[in-house]
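Structure first, commentary second.
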Amino acid sequence: MSQPQEFEKVLTGSVTTVAQFEDHKSGLKRLQHFLHSSPAMVPLIVLLALILFFGIAKGEKFFSAYTLTLIMQQVAVVGILAAAQTLVVLTAGIDLAIGVIMVLSFVIMGNMVVSYGMPAGVALIAGFLVAGFCGWVNGFLVSKLKLPPFIVTLGTWNIIMAICLIYSENATMREADVTAATPWLHIFGISFKIGPAVVTLGVLAMIGLYVVLWYMLNYTAFGRHIYAVGDDPDAAELAGIRTSKVLTATYTLAGLIAGLAAWVSIGRNGSISPSTVVTDFNLQAITAAVIGGISLFGGRGSILGVLFGTLIVGVMSMGLNMLNADPQWKVLLTGVLIIGAVAIDQWIRKVSG
Amino acid sequence: MEPILSARGLVKRYGRVTALDHADFDLMPGEILAVIGDNGAGKSTLIKALCGAVNPDEGEIRLEGQVMNFTNPMQARNAGIETVYQNLALSPALSISDNMFLGREIRKKGLAGSVLRMLDRGAMEKRARDKLSELGLMTIQNISQAVETLSGGQRQGVAVARAAAFGSKVVIMDEPTAALGVKESRRVLELILDVKKRGIPIILISHNMPHVFEVADRVHIHRLGRRLAVINPKEHSMSDAVAYMTGAKVPEGAVAA
């Protein structure tokens with residue numbers, strides 16, 4: 001053992017008990033600590049409160065298995081995109097192109113079967129490949145050229161939107177034409193009944209995707225690396241994580257998930273319309289992720305929260321519809337929820353400050 | 001005796017600033033080598049070159065006689081060089097055990113691990129807990145608590161424990177006692193001697209002269225981007241060392257090799 005220096009000799013007589021502090025945490029402090037360790041709780045509480053509110057206001061009409069499963073069907077596509085967005089946001093990035101990647105992907109899937117007469121399998125693979133490639137390009141520009149994700153995806157958003165409209169000549173493919181070629185593109189539109197509840201395969205795909213991603217983020221090394229890269233990229237690099245590989249893989253995976261959203265979207269909408277490329281799917285996905293408690297600064301939040309965040313928007317939209325409210329109220333309340341969610345995120349973070 | 005880790009003629013320029021100016025370095029097996037130097041002398045750059053975080057413009061680094069060209073810290077780690085960085089390199093939002101195993105996670109055995117890539121949380125937490133209590137560095141109630149909820153000293157303890165647990169050839173410690181109290185510093189010094197006892201050489205970068213002179217076998221004095229001298233702490237006083245590194249005196253019996 002090392003020889004203690006003179007002033008350190010008194011250490012042998014020092015108190016060895018673990019520091020004890022009087023536990024006088026207020027209820028609020030405890031709540032803060034609880035929310036810090038379980039970030040999905042805030043959106044879950046908000047979701048349950050909203051369901052309760054509309055349930056009381058509209059009674060049976062809202063609070064029925066039919067209505068609640070209808071909401072699930074309505075949010076499936078945005079829910080899948082929000083999951084992709086979440087992965088990117090967890091790395092402290094943002095993907096503004098996620099929506100147009102989806103639209104380009106389903107336009108390609110549709111064109112392959114309708115215009116080129118390809119089998120459904122080839123069409124789907126082509127759609128997924130293009131979506132994954134678009135994601136890879138984003139990832140390459142962010143990780144290798146070190147460009148800010150906002151700028152990269154702002155650029156690719158415009159580029160992909162233009163490519164989509166030029167390539168498709170903005171021609172809508174009718175549902176009948178697609179169905180005549182193959183039933184496979186509409187597979188996620190297939191629904192079945194459990195009592196009064198109507199479940200589509202698209203809804204199951206969304207839920208399945210969330211389960212898989214939840215597993216990946218929490219129980220695999222890749223998932224932990226996504227958090228570490230978003231949390232502190234320099235520390236992650238020094239700790240031995242190849243941060244650029246993780247970033248490229250994350251953006252590529254987000255693109256592939258947008259490909260899944262494309263497939264589900266064909267099932268939900270029936271027809272394939274390139275003009276939807278101007279819809280703000282990207283902002284809807286970011287909204288769901290933020291309301292779901294994912295921090296835009298990266299590294300924090302739970303993917304299950306995003307599922308609740310998606311449902312919050314869906315429940316609000318459906319509930320306000322049933323109350324015959326002006327649809328702008330939904331927009332207004334979404335804005336309030338976004339600011340509220342970020343304010344709560346900041347408060348929870350102070351737990352360590 | 002052959003040095004286990006050595007460097008010859010390392011040069012690193014940042015724009016017009018030369019951080020390393022043909023610096024040499026030698027670490028002998030089983031020794032504790034302290035690296036001291038004024039602020040801006042290039043200590044940190046030297047250390048970062050040795051652990052792969054910085055790619056030198058010129059010069060070569062040898063580990064056990066083999067030329068190593070680390071381009072990232074992972075390669076140095078795989079070669080058995082483990083580092084405690086000054087900024088600790090911990091991810092605040094991840095748990096203690098996640099941090100200790102970052103980049104070298106243990107997977108479950110069987111299909112769950114090979115096909116589903118499932119992490120073996122239990123095994124990682126157990127090893128992390130064992131390591132931390134073995135070091136007696138801190139009193140942590142919950143191994144799965146986020147690192148950001150720990151105090152500065154506890155975080156330092158986690159970083160030191162990580163390096164001590166995995167270092168197989170060389171352990172590098174950059175200011176390991178800077179953020180610690182008297183008692184915790186003493187523990188870290190004991191830990192350094194512990195690691196040495198296991199036969200693993202240590203590079204210790206520190207501004208704390210009493211600590212340096214207490215544990216180091218040799219002291220590497222870095223000045224103006226190069227090695228000025230290597231002295232034996234038993235033959236020189238602390239004020240000599242400070243005089244050498246600030247340029248007030250020039251060492252006479254400087255060891256050349």
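Numbering starts fresh at 1 for the residues of each chain in the structure tokens, the chains themselves are lettered A, B, ... in the order given, and ligands are numbered from 1 as they appear.
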
task = Output as a ChimeraX atom specification all residues of range 173-242 of chain B that backbone DSSP marks as helix (DSSP H, G or I).
result = /B:182-197,209-215,238-242

Which residues of chain B come within 6 Å of chain A, and what is each one's closest atom pair and distance in Å (one decimal), counting only C-alpha atoms, sorted by chain and residue number, as a Markdown table?
| residue | atom | partner | partner_atom | distance |
| --- | --- | --- | --- | --- |
| B:Pro73 | CA | A:Gly240 | CA | 5.6 |
| B:Met74 | CA | A:Gly240 | CA | 4.5 |
| B:Ala89 | CA | A:Ala235 | CA | 3.9 |
| B:Leu90 | CA | A:Ala235 | CA | 5.6 |
| B:Ser91 | CA | A:Ala228 | CA | 5.7 |
| B:Gly103 | CA | A:Ile241 | CA | 5.4 |
| B:Arg117 | CA | A:Thr220 | CA | 5.8 |
| B:Met118 | CA | A:Thr220 | CA | 5.3 |
| B:Leu119 | CA | A:Tyr219 | CA | 5.4 |
| B:Thr149 | CA | A:Ser352 | CA | 5.2 |

Prev. selection, N, CA and C atoms, output as a JSON list (two decimals), in the first residue's frame:
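Saved the output as result.json:
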[["chain", "number", "residue", "atom", "x", "y", "z"],
["B", 73, "PRO", "N", -9.96, 5.31, -31.01],
["B", 73, "PRO", "CA", -9.72, 4.78, -29.67],
["B", 73, "PRO", "C", -10.07, 3.29, -29.54],
["B", 74, "MET", "N", -11.02, 2.84, -30.37],
["B", 74, "MET", "CA", -11.45, 1.44, -30.28],
["B", 74, "MET", "C", -10.28, 0.50, -30.56],
["B", 89, "ALA", "N", -15.35, 10.93, -20.52],
["B", 89, "ALA", "CA", -15.97, 10.17, -21.61],
["B", 89, "ALA", "C", -17.07, 9.24, -21.12],
["B", 90, "LEU", "N", -17.97, 9.79, -20.33],
["B", 90, "LEU", "CA", -19.14, 9.03, -19.90],
["B", 90, "LEU", "C", -20.38, 9.63, -20.56],
["B", 91, "SER", "N", -21.39, 8.79, -20.81],
["B", 91, "SER", "CA", -22.65, 9.28, -21.35],
["B", 91, "SER", "C", -23.60, 9.56, -20.20],
["B", 103, "GLY", "N", -19.59, -0.03, -25.86],
["B", 103, "GLY", "CA", -18.70, -0.45, -26.93],
["B", 103, "GLY", "C", -18.14, -1.85, -26.75],
["B", 117, "ARG", "N", -29.52, -10.63, -30.53],
["B", 117, "ARG", "CA", -28.52, -9.67, -30.07],
["B", 117, "ARG", "C", -28.84, -9.12, -28.68],
["B", 118, "MET", "N", -29.44, -9.96, -27.85],
["B", 118, "MET", "CA", -29.90, -9.45, -26.56],
["B", 118, "MET", "C", -28.73, -9.26, -25.60],
["B", 119, "LEU", "N", -28.73, -8.11, -24.91],
["B", 119, "LEU", "CA", -27.68, -7.83, -23.94],
["B", 119, "LEU", "C", -27.91, -8.63, -22.67],
["B", 149, "THR", "N", -26.84, 11.46, -12.41],
["B", 149, "THR", "CA", -27.33, 11.67, -11.05],
["B", 149, "THR", "C", -26.23, 11.45, -10.02]]

message = For a quick check of understanding, using only C-alpha atoms, which of A:Ser265, A:Trp136, A:Leu35, A:Tyr116 has the smallest distance to Gln346 in chain A?
response =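 The closest residue to Gln346 in chain A is A:Leu35.
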
Tell me, counting only C-alpha atoms, for each residue of range 256-331 of chain A within 12 Å of range 177-182 of chain A, which pair of atoms is nearest and how far apart they are in Å to one decimal, in rows ordered by chain and increasing number, as a tab-separated table.
residue	atom	partner	partner_atom	distance
A:Ile266	CA	A:Val178	CA	9.6
A:Gly267	CA	A:Thr179	CA	10.5
A:Asn269	CA	A:Val178	CA	11.8
A:Gly270	CA	A:Val178	CA	8.4
A:Ser271	CA	A:Val178	CA	7.6
A:Ile272	CA	A:Val178	CA	8.5
A:Ser273	CA	A:Val178	CA	11.9

request  = Find the spatial neighbours of range 117-121 of chain A, counting only C-alpha atoms, within a cut-off of 10 Å - ignore same-chain residues fewer than 6 positions away - and output them as a PyMOL selection string.
outcome  = chain A and resi 109-111+127+181-185

remark   = Restricting to only C-alpha atoms, whichever of B:Gly157, B:Gly181, B:Gly152, B:Pro251 is closest to Ser133 in chain B is B:Gly157

inquiry  = To one decimal place in Å, what is the distance between CA of Gly59 in chain B and CA of Arg8 in chain B?
reply    =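 Taking CA of Gly59 in chain B as the start and CA of Arg8 in chain B as the end point, the length is 5.6 Å.
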
task = Could you please determine the separation between CA of Gly292 in chain A and CA of Val336 in chain A in Å, to one decimal place?
result =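 Between these atoms lies a distance of 13.6 Å.
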
ask   = Lys197 in chain B: which residues within 9 Å, counting only C-alpha atoms, same-chain residues fewer than 4 positions away excluded, as a PyMOL selection string?
value = chain B and resi 30+192-193
